[in-house]
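Participant: Pasting a structure here, questions to come.
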Amino acid sequence: MKTVDGPAAAAAFLDAERPRLEAAVARLTKRLRSGAPSALADALGYALGAPGKRLRPALCVAAYRGAGGSAVVPEPVYDAAAAIELIHTYSLVHDDLPCMDDDDLRRGRPTTHRVHGAATAAVIGAAMIPAACALLDEAAARLGARPGVRAEAVRQLASAAGGGGMVGGQWLDLMAEGQPLDVARLEMIHARKTGALFAASLRLGGLLAGASPAALDGLGACGVALGLAFQIADDVLDEVGVPAVLGKTAGRDRERSKATYPALVGLEAARERAAAGAAEAVAALRQAGLHDEVLEALIGFAVDRDR
C-alpha cells in the first residue's frame, strides 16, 4: 500500500517517538520492579527490556494527535501508551510458554521462560495485566479525564486483553492447531488475537484526545482491519523471514500445523489480502474524517516490514 509519505514518514515518526515511548516503558518497569521479590523483579525487567517495534503504543500516540489532541503530546499519554505495551508484552511472554507456542527466541534474544523459568514467566505475565489497567487509569486522571472517560479507557483495554479479545483469540488459535480451518474462521481468530489490541490502541488515543463517537468508531474499525493485515504479514514473514532479522524463530507456524493465510491461500494471495486489509484500515480513518498522514504511514509500515 502506498501512502503520501510512505515508509520514510513512518520511520521518522517511530524514530522521533521512540525515546519518549522507551522512557515511559522504563518508568513503568521501575514501578513494577519496586517491591516485587527479586526473582520476579529481574524477570519483569528482562521481559520489558527487550527491544521491540513499540508499534501499538506509537499508534496510540499518533491517534491522540490525529484525533485532535495537543501537538505537544503530554507525558500521561505516553504512560497510557506504555500500558498498552505492557499488555502486549504479557501476551508475548505467555505465548512463548511451553504450554502455548513453546518458543526459544523473542525480539532477538532467549524468551523469558528460557531465562527465568516457566513458572516465573507465567506469574509476571499475570502481574502485568492489573498493572496496565492501574497505569492507564492514573494516566487518564493526570490528563484531567472525567471519571466516565477513565472507566471507559480501562474497560476498553481490559476487553481487548480478555476472553473476547487476545485471550479468546489465543485459545481459539491453540484449539485450531492441526484442524481444518477456512479463511472466515481464521480471520475471526486474527480479529481477536491481534486486531483487538490494535483497535484498543487507536481508540484509546482518540478517547484521551476527546474524539467524537464517530471518530472513535473509525479508529476502532481501522484497528480491526490493521490487526488482520498485520497478522497476515506476520504469517508471511514466518514463512519467508530471516530469523536474525525477525528476532524470533521462523517456520514455527508450519511446525505446529497452524492455520495461516499462506498455508490456506498461498504466499502471493496472503500478501494481497494484507495489502487489502491495510487499504481498509485507511478507508475507515478517512470515512470518519480522519485524514492523517502519520497514521496512514504507520498502517503501511505494519504491512510492509521485514520483522
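We name chains A, B, ... following the order of the C-alpha cells; residues begin at 1 in each chain, and ligands are numbered from 1 as shown.
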Step one, run DSSP on the backbone; step two, keep only residues of region 72-155 of chain A assigned to helix (DSSP H, G or I); then write them as a ChimeraX atom specification.
Facilitator: /A:75-95,112-116,118-142,147-155
Participant: Pick out the residues sitting within 8 Å of region 137-150 of chain A, and hand them over as a PyMOL selection string; count only C-alpha atoms, and ignore anything fewer than 3 positions along from it in its own chain.
Facilitator: chain A and resi 76-77+79-80+133-134+153-154+207-208
Participant: Within 7 Å of Arg56 (chain A), counting only C-alpha atoms, which residues show up once you throw out same-chain ones fewer than 6 positions away? Write them as a list in words, please.
Facilitator: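 Everything that qualifies: Ile84, Glu85, Phe198 and Ser201 of chain A.
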Participant: Given the selection you just returned, output its residues as a file containing N, CA and C atoms, formatted as a tab-separated table (two decimals), in the first residue's frame.
Facilitator:
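File written: result04.tsv
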chain	number	residue	atom	x	y	z
A	84	ILE	N	-0.47	-0.05	27.16
A	84	ILE	CA	-0.80	-0.92	26.04
A	84	ILE	C	0.37	-1.85	25.74
A	85	GLU	N	1.58	-1.30	25.75
A	85	GLU	CA	2.77	-2.13	25.51
A	85	GLU	C	2.92	-3.20	26.59
A	198	PHE	N	-4.91	-3.79	18.60
A	198	PHE	CA	-4.69	-2.68	17.67
A	198	PHE	C	-5.85	-1.70	17.75
A	201	SER	N	-5.61	0.27	20.94
A	201	SER	CA	-4.52	1.24	20.89
A	201	SER	C	-4.98	2.54	20.22
Participant: Can you list, as an MDAnalysis selection string, all residues belonging to region 45-263 of chain A that DSSP tags as strand (DSSP E or B)?
Facilitator: chainID A and resid 105:106 109:110
Participant: Those same residues - C-alpha atoms - I'd like them written as an mmCIF file, in the first residue's frame.
Facilitator:
data_model
loop_
_atom_site.group_PDB
_atom_site.id
_atom_site.type_symbol
_atom_site.label_atom_id
_atom_site.label_comp_id
_atom_site.auth_asym_id
_atom_site.auth_seq_id
_atom_site.Cartn_x
_atom_site.Cartn_y
_atom_site.Cartn_z
ATOM 1 C CA LEU A 105 13.591 -16.740 20.758
ATOM 2 C CA ARG A 106 11.746 -13.434 21.024
ATOM 3 C CA ARG A 109 17.090 -12.990 22.488
ATOM 4 C CA PRO A 110 16.018 -16.022 24.534
#
Participant: Looking at A:Ala225, A:Ala161, A:Ala58, A:Leu219, which one is nearest to Leu197 (chain A), with distances taken over only C-alpha atoms?
Facilitator: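 Smallest distance to Leu197 (chain A) is found for A:Ala161.
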Participant: Name all residues at most 6 Å from Ala196 (chain A) (count only C-alpha atoms; drop same-chain ones fewer than 4 positions away) and give them as a VMD selection string.
Facilitator: chain A and resid 160 165 192
Participant: For C-alpha atoms, I'd like the residues from the last selection saved as a compact mmCIF listing (two decimals), in the first residue's frame.
Facilitator:
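Saved to out20.txt:
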# COMPACT_ATOMS: atom_id res chain seq x y z
CA ALA A 160 -9.17 -6.12 24.27
CA GLY A 165 -10.08 -10.34 22.61
CA ARG A 192 -9.46 -11.33 18.45
Participant: Taking 6 positions as the minimum chain separation for residues in the same chain, which residues sit within 7 Å of Leu226 (chain A) when counting only C-alpha atoms? Answer as an NGL selection string.
Facilitator: :A and (195 or 277-278 or 281 or 299)
